[in-house]
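Notes follow the structure.
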Amino acid sequence: MGMLTMRYLLAYYSGTTSQWRCLDTNLLPQQIDRAEDLAAALENAPMIALSWMLERRPFGSYQATVDGKSDECVMVYELEPTAASPLGNGTDYVGPWLEMFMQTNEPIGTIALGAGKPISKEAAIGALRQLASTPLQASDEACQQTIGCMREYAPSAAVHAEAPPAVKKQETA
């Protein structure tokens, strides 16, 4: 077994979702030997960074100072290299756990974030209107699967609705 690499918890406040989001660096494909390597590791894993941050932002350099918690930086916390991750595969919402973690642990530094690229609201609304104006097609495979699920569910729901549970009379003393 090789040397244990460093492990970090990265926390970022997403203005988009109005919540803190976190990433265990164990989920990154690249080994992290020091905190200064974090920005490059995030740049090398753009899909992981995007699913974590829910937006694309350029990563600045790591700073071993913390000026305050804001959505302009990523907070870096050190984790035990061999401890089990409370984050699972990174897709579960762990907001309460993260808030408690952040209250009881001090960050070791931050990674500056560049400005995000704004999404054109007109283009997004136009695409949404186009999707909404296209009627569902019964021949579409997704529609067929949904209808099949509804057919499978309907008989079992009717059976359960027709057979109410038996009620037993309680004996009184």
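Chain labels A, B, ... are given in the sequence in which chains occur in the structure tokens; within each chain residues are numbered consecutively from 1, and ligands are likewise numbered from 1 in the order shown.
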Next item on the list: Taking the DSSP assignment computed from this structure's backbone, write out as a list in words all residues of range 33-66 of chain A that belong to strand (DSSP E).
Entry: Phe59, Gly60, Ser61, Tyr62 and Gln63 of chain A
Atoms kept (all heavy atoms) for selection, written as a tab-separated table (two decimals), in the first residue's frame:
chain	number	residue	atom	x	y	z
A	59	PHE	N	-11.08	28.60	-11.23
A	59	PHE	CA	-10.49	28.49	-9.90
A	59	PHE	C	-9.20	29.29	-9.84
A	59	PHE	O	-8.34	29.16	-10.71
A	59	PHE	CB	-10.20	27.02	-9.56
A	59	PHE	CG	-11.44	26.19	-9.50
A	59	PHE	CD1	-11.81	25.39	-10.56
A	59	PHE	CD2	-12.26	26.23	-8.38
A	59	PHE	CE1	-12.97	24.63	-10.51
A	59	PHE	CE2	-13.42	25.47	-8.32
A	59	PHE	CZ	-13.77	24.67	-9.39
A	60	GLY	N	-9.07	30.09	-8.81
A	60	GLY	CA	-7.85	30.84	-8.57
A	60	GLY	C	-6.89	29.98	-7.76
A	60	GLY	O	-7.05	28.77	-7.65
A	61	SER	N	-5.93	30.62	-7.17
A	61	SER	CA	-4.93	29.88	-6.39
A	61	SER	C	-5.40	29.65	-4.96
A	61	SER	O	-6.28	30.34	-4.46
A	61	SER	CB	-3.61	30.64	-6.40
A	61	SER	OG	-3.80	31.90	-5.78
A	62	TYR	N	-4.79	28.68	-4.33
A	62	TYR	CA	-5.07	28.37	-2.93
A	62	TYR	C	-4.37	29.40	-2.05
A	62	TYR	O	-3.22	29.75	-2.29
A	62	TYR	CB	-4.56	26.96	-2.60
A	62	TYR	CG	-4.58	26.66	-1.12
A	62	TYR	CD1	-5.76	26.28	-0.49
A	62	TYR	CD2	-3.43	26.78	-0.35
A	62	TYR	CE1	-5.79	26.01	0.87
A	62	TYR	CE2	-3.44	26.52	1.00
A	62	TYR	CZ	-4.62	26.14	1.61
A	62	TYR	OH	-4.65	25.90	2.96
A	63	GLN	N	-5.08	29.89	-1.04
A	63	GLN	CA	-4.51	30.81	-0.06
A	63	GLN	C	-4.65	30.19	1.32
A	63	GLN	O	-5.73	29.72	1.66
A	63	GLN	CB	-5.24	32.15	-0.08
A	63	GLN	CG	-5.21	32.85	-1.43
A	63	GLN	CD	-3.81	33.27	-1.82
A	63	GLN	OE1	-3.03	33.74	-1.00
A	63	GLN	NE2	-3.47	33.07	-3.08
Find the residues around Ala45 in chain A up to 7 Å (only C-alpha atoms counted), leave out those fewer than 4 positions away in its own chain, and share them as a PDB file with N, CA, C and O atoms, in the first residue's frame.
ATOM      1  N   LEU A  28     -12.268  12.997  -6.434  1.00  0.00           N
ATOM      2  CA  LEU A  28     -11.504  13.477  -7.593  1.00  0.00           C
ATOM      3  C   LEU A  28     -10.616  12.353  -8.116  1.00  0.00           C
ATOM      4  O   LEU A  28     -10.067  11.572  -7.331  1.00  0.00           O
ATOM      5  N   ALA A  41      -6.428  20.273  -9.609  1.00  0.00           N
ATOM      6  CA  ALA A  41      -7.203  19.028  -9.602  1.00  0.00           C
ATOM      7  C   ALA A  41      -8.657  19.291  -9.971  1.00  0.00           C
ATOM      8  O   ALA A  41      -9.276  18.497 -10.693  1.00  0.00           O
ATOM      9  N   ALA A  49     -16.487  19.085 -10.866  1.00  0.00           N
ATOM     10  CA  ALA A  49     -16.601  20.452 -10.356  1.00  0.00           C
ATOM     11  C   ALA A  49     -17.953  21.059 -10.726  1.00  0.00           C
ATOM     12  O   ALA A  49     -18.590  21.727  -9.902  1.00  0.00           O
TER      13      ALA A  49
END
Margin query: Which residue is closest to Leu87 in chain A? Choose from A:Ile32, A:Arg151, A:Leu27, A:Gln19 and count only C-alpha atoms.
Written below: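 Among the listed residues, the smallest separation from Leu87 in chain A belongs to A:Leu27.
Between CA of Tyr12 in chain A and CA of Ala40 in chain A the separation is 16.7 Å.
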Next item on the list: Within 8 Å of Leu113 in chain A, counting only C-alpha atoms, which residues show up once you throw out same-chain ones fewer than 4 positions away? Write them as a list in words, please.
Entry: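 Selected residues are Arg57, Pro58, Phe59, Gly60, Glu72, Cys73 and Val74 of chain A.
Closest approach to Ile111 in chain A among A:Asp24, A:Glu99, A:Glu36, A:Glu43 is made by A:Glu36 (distances from only C-alpha atoms).
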